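Student: Let me give you the structure first, and then I'll get to my questions.
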Amino acid sequence: MPSLDRQENVFVLDLGDGENRFHPDWIEAVGAALDEVEKAEGPRALVTAATGKFYSNGLDLEWLLAHADQYHDYVVSVHGLFARMLSLPLVTVAALQGHTFAAGAMFSLAHDFRVMRADRGYWCLPEADIDIPFTPGMAALIQSRLAPQAAHEAMVTARRYGGADAAAAGIIDRAVSEEAVRSTAVELAQAQVNKAGDTLGTIKARMYAPVLATLRDTAAPLG
């Protein structure tokens with residue numbers, strides 16, 4: 001399960017050491033950690049990271065198959081997590097040490113910055129290959145955070161981007177060695193700790209107002 005640590009003014013949220021899929025309990029734990037970060041006072045920033053082969057492998061499809069009657073509420077909760085991260089009133093950095101797929105990739109896009117391992121691991125939106133269409137909220141998030149051509153290629157072709165290719169496409173901000181992923185993310189976050197506060201929250205809320213409205217649509221999250 002996710003765990004929260006603090007390095008001076010940078011909170012580090014480790015998402016776990018498995019596939020870190022979006023199980024309801026996992027979503028709740030991440031939300032509780034974000035509550036703690038948001039309620040803290042003074043300069044601060046957030047890094048999300050993981051341990052092992054995966055940053056996140058996306059939706060918990062096994063849980064969904066067993067709880068099909070809860071699909072609507074599940075999607076609402078996933079969208080809510082994306083919206084929460086996108087609008088946090090502090091700078092956020094995703095440290096992508098391993099595979100970052102599907103909803104995991106979308107979650108990374110909800111951060112302000114992304115650092116990825118250069119030599120191994122893929123960032124991928126595989127929905128076109130696995131016959132799961134993007135929800136309106138997911139599509140809005142992706143298209144708001146990537147350049148049009150990059151969003152088109154990633155969404156339509158399900159391309160798997162390695163670190164260097166992801167950097168070239170503007171999907172991530174830095175591609176570094178495995179041992180430098182988390183430390184580089186913390187360094188980026190530390191440089192922005194003084195931005196935390198209501199002003200940054202207002203900037204993000206206005207910058208992404210249409211996306212946030214779509215993600216927070218609880219009546220018709222599936223379109």
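Residue numbering restarts at 1 in every chain; chains get A, B, ... in the order shown in the structure tokens, and ligands count up from 1 in that same order.
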With the cut-off set at 6 Å and counting only C-alpha atoms, tabulate each residue of range 13-113 of chain A with an atom at most that distance from an atom of range 121-127 of chain A, showing the nearest atom pair and its distance in Å to one decimal, ordered by chain and increasing number, as JSON lines.
Tutor:
```
{"residue": "A:Gly98", "atom": "CA", "partner": "A:Gly121", "partner_atom": "CA", "distance": 4.9}
{"residue": "A:His99", "atom": "CA", "partner": "A:Gly121", "partner_atom": "CA", "distance": 4.7}
{"residue": "A:Thr100", "atom": "CA", "partner": "A:Trp123", "partner_atom": "CA", "distance": 4.7}
{"residue": "A:Phe101", "atom": "CA", "partner": "A:Cys124", "partner_atom": "CA", "distance": 4.8}
{"residue": "A:Ala102", "atom": "CA", "partner": "A:Leu125", "partner_atom": "CA", "distance": 4.6}
```
Student: Selection from above, N, CA and C atoms, as an mmCIF file, in the first residue's frame, can you write it?
Tutor:
```cif
data_model
loop_
_atom_site.group_PDB
_atom_site.id
_atom_site.type_symbol
_atom_site.label_atom_id
_atom_site.label_comp_id
_atom_site.auth_asym_id
_atom_site.auth_seq_id
_atom_site.Cartn_x
_atom_site.Cartn_y
_atom_site.Cartn_z
ATOM 1 N N GLY A 98 9.612 2.750 -13.272
ATOM 2 C CA GLY A 98 9.230 1.503 -13.928
ATOM 3 C C GLY A 98 8.082 1.722 -14.891
ATOM 4 N N HIS A 99 7.466 0.635 -15.328
ATOM 5 C CA HIS A 99 6.376 0.715 -16.298
ATOM 6 C C HIS A 99 5.251 1.619 -15.791
ATOM 7 N N THR A 100 4.778 2.466 -16.696
ATOM 8 C CA THR A 100 3.724 3.437 -16.371
ATOM 9 C C THR A 100 2.674 3.318 -17.464
ATOM 10 N N PHE A 101 1.610 2.579 -17.173
ATOM 11 C CA PHE A 101 0.649 2.200 -18.211
ATOM 12 C C PHE A 101 -0.757 2.702 -17.897
ATOM 13 N N ALA A 102 -1.508 2.982 -18.969
ATOM 14 C CA ALA A 102 -2.941 3.234 -18.899
ATOM 15 C C ALA A 102 -3.273 4.307 -17.851
#
```
Student: Among range 21-172 of chain A, which residues does DSSP mark as strand (DSSP E or B) when it is run on the backbone? Keep the chain and numbering as in the structure and answer as an NGL selection string.
Tutor: :A and (22 or 45-49 or 54-56 or 59 or 92-96 or 99-101 or 113-117 or 123-124 or 160-161)
Student: Could you take the residues named above and write them with N, CA and C atoms, as a PDB file, in the first residue's frame?
Tutor:
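Written file, selection_38.pdb:
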```pdb
ATOM      1  N   PHE A  22      -5.146   0.529  -9.544  1.00  0.00           N
ATOM      2  CA  PHE A  22      -6.092   1.409  -8.868  1.00  0.00           C
ATOM      3  C   PHE A  22      -7.200   0.605  -8.176  1.00  0.00           C
ATOM      4  N   ALA A  45       6.247  20.568  -1.423  1.00  0.00           N
ATOM      5  CA  ALA A  45       5.986  20.031  -2.756  1.00  0.00           C
ATOM      6  C   ALA A  45       5.820  18.526  -2.588  1.00  0.00           C
ATOM      7  N   LEU A  46       5.416  17.858  -3.668  1.00  0.00           N
ATOM      8  CA  LEU A  46       5.123  16.428  -3.598  1.00  0.00           C
ATOM      9  C   LEU A  46       5.798  15.669  -4.728  1.00  0.00           C
ATOM     10  N   VAL A  47       6.425  14.558  -4.371  1.00  0.00           N
ATOM     11  CA  VAL A  47       6.928  13.591  -5.341  1.00  0.00           C
ATOM     12  C   VAL A  47       6.173  12.297  -5.140  1.00  0.00           C
ATOM     13  N   THR A  48       5.665  11.710  -6.219  1.00  0.00           N
ATOM     14  CA  THR A  48       5.138  10.351  -6.145  1.00  0.00           C
ATOM     15  C   THR A  48       6.144   9.437  -6.813  1.00  0.00           C
ATOM     16  N   ALA A  49       6.353   8.288  -6.223  1.00  0.00           N
ATOM     17  CA  ALA A  49       7.346   7.335  -6.719  1.00  0.00           C
ATOM     18  C   ALA A  49       6.820   5.935  -6.453  1.00  0.00           C
ATOM     19  N   PHE A  54       7.124  -1.598 -11.521  1.00  0.00           N
ATOM     20  CA  PHE A  54       6.042  -0.739 -12.000  1.00  0.00           C
ATOM     21  C   PHE A  54       5.955   0.563 -11.208  1.00  0.00           C
ATOM     22  N   TYR A  55       5.642   1.644 -11.915  1.00  0.00           N
ATOM     23  CA  TYR A  55       5.149   2.851 -11.248  1.00  0.00           C
ATOM     24  C   TYR A  55       3.659   2.626 -10.993  1.00  0.00           C
ATOM     25  N   SER A  56       2.922   2.348 -12.046  1.00  0.00           N
ATOM     26  CA  SER A  56       1.519   1.930 -11.914  1.00  0.00           C
ATOM     27  C   SER A  56       1.071   1.293 -13.218  1.00  0.00           C
ATOM     28  N   LEU A  59      -5.793   0.730 -14.092  1.00  0.00           N
ATOM     29  CA  LEU A  59      -7.018   0.271 -13.446  1.00  0.00           C
ATOM     30  C   LEU A  59      -6.882  -1.168 -12.967  1.00  0.00           C
ATOM     31  N   THR A  92       3.945  19.251  -8.055  1.00  0.00           N
ATOM     32  CA  THR A  92       3.994  17.793  -7.973  1.00  0.00           C
ATOM     33  C   THR A  92       4.904  17.232  -9.060  1.00  0.00           C
ATOM     34  N   VAL A  93       5.656  16.193  -8.706  1.00  0.00           N
ATOM     35  CA  VAL A  93       6.581  15.560  -9.651  1.00  0.00           C
ATOM     36  C   VAL A  93       6.404  14.048  -9.558  1.00  0.00           C
ATOM     37  N   ALA A  94       6.227  13.389 -10.683  1.00  0.00           N
ATOM     38  CA  ALA A  94       6.121  11.934 -10.734  1.00  0.00           C
ATOM     39  C   ALA A  94       7.476  11.344 -11.078  1.00  0.00           C
ATOM     40  N   ALA A  95       7.959  10.427 -10.241  1.00  0.00           N
ATOM     41  CA  ALA A  95       9.236   9.748 -10.464  1.00  0.00           C
ATOM     42  C   ALA A  95       8.945   8.363 -11.030  1.00  0.00           C
ATOM     43  N   LEU A  96       9.099   8.209 -12.329  1.00  0.00           N
ATOM     44  CA  LEU A  96       8.681   6.996 -13.035  1.00  0.00           C
ATOM     45  C   LEU A  96       9.861   6.037 -13.176  1.00  0.00           C
ATOM     46  N   HIS A  99       7.466   0.635 -15.328  1.00  0.00           N
ATOM     47  CA  HIS A  99       6.376   0.715 -16.298  1.00  0.00           C
ATOM     48  C   HIS A  99       5.251   1.619 -15.791  1.00  0.00           C
ATOM     49  N   THR A 100       4.778   2.466 -16.696  1.00  0.00           N
ATOM     50  CA  THR A 100       3.724   3.437 -16.371  1.00  0.00           C
ATOM     51  C   THR A 100       2.674   3.318 -17.464  1.00  0.00           C
ATOM     52  N   PHE A 101       1.610   2.579 -17.173  1.00  0.00           N
ATOM     53  CA  PHE A 101       0.649   2.200 -18.211  1.00  0.00           C
ATOM     54  C   PHE A 101      -0.757   2.702 -17.897  1.00  0.00           C
ATOM     55  N   PHE A 113       5.260  17.778 -13.282  1.00  0.00           N
ATOM     56  CA  PHE A 113       6.476  17.345 -13.976  1.00  0.00           C
ATOM     57  C   PHE A 113       6.638  15.833 -13.842  1.00  0.00           C
ATOM     58  N   ARG A 114       7.417  15.259 -14.779  1.00  0.00           N
ATOM     59  CA  ARG A 114       7.671  13.822 -14.768  1.00  0.00           C
ATOM     60  C   ARG A 114       9.146  13.556 -15.037  1.00  0.00           C
ATOM     61  N   VAL A 115       9.723  12.665 -14.245  1.00  0.00           N
ATOM     62  CA  VAL A 115      11.093  12.190 -14.435  1.00  0.00           C
ATOM     63  C   VAL A 115      11.004  10.688 -14.671  1.00  0.00           C
ATOM     64  N   MET A 116      11.683  10.180 -15.693  1.00  0.00           N
ATOM     65  CA  MET A 116      11.565   8.773 -16.058  1.00  0.00           C
ATOM     66  C   MET A 116      12.927   8.124 -16.200  1.00  0.00           C
ATOM     67  N   ARG A 117      12.981   6.866 -15.893  1.00  0.00           N
ATOM     68  CA  ARG A 117      14.192   6.082 -16.101  1.00  0.00           C
ATOM     69  C   ARG A 117      14.496   5.986 -17.599  1.00  0.00           C
ATOM     70  N   TRP A 123       6.332   4.001 -20.901  1.00  0.00           N
ATOM     71  CA  TRP A 123       5.148   4.823 -20.645  1.00  0.00           C
ATOM     72  C   TRP A 123       4.204   4.540 -21.800  1.00  0.00           C
ATOM     73  N   CYS A 124       2.959   4.177 -21.498  1.00  0.00           N
ATOM     74  CA  CYS A 124       2.074   3.716 -22.572  1.00  0.00           C
ATOM     75  C   CYS A 124       0.609   3.914 -22.218  1.00  0.00           C
ATOM     76  N   ARG A 160       4.489   2.314 -27.068  1.00  0.00           N
ATOM     77  CA  ARG A 160       5.235   2.202 -25.814  1.00  0.00           C
ATOM     78  C   ARG A 160       6.470   3.092 -25.921  1.00  0.00           C
ATOM     79  N   TYR A 161       6.522   4.096 -25.091  1.00  0.00           N
ATOM     80  CA  TYR A 161       7.637   5.045 -25.124  1.00  0.00           C
ATOM     81  C   TYR A 161       8.665   4.690 -24.055  1.00  0.00           C
TER      82      TYR A 161
END
```
Student: Please list as a VMD selection string every residue within 12 Å of range 193-196 of chain A, counting only C-alpha atoms and excluding residues in the same chain fewer than 2 positions away.
Tutor: chain A and resid 7 to 11 37 to 47 87 to 93 186 to 191 198 to 204
Student: Using only C-alpha atoms, which protein or nucleic acid residues come within 10 Å of Asn20 in chain A? Drop anything in the same chain fewer than 4 positions from it, and give the result as number ranges by chain.
Tutor: A: 1-2, 14-16, 26-27, 50-51, 54-60, 100, 104
Student: Have a look at A:His79, A:His67, A:Gln97, A:Thr214 and name the one nearest to Ala185 in chain A; count only C-alpha atoms.
Tutor: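 Of A:His79, A:His67, A:Gln97, A:Thr214, the one nearest Ala185 in chain A, counting only C-alpha atoms, is A:Gln97.
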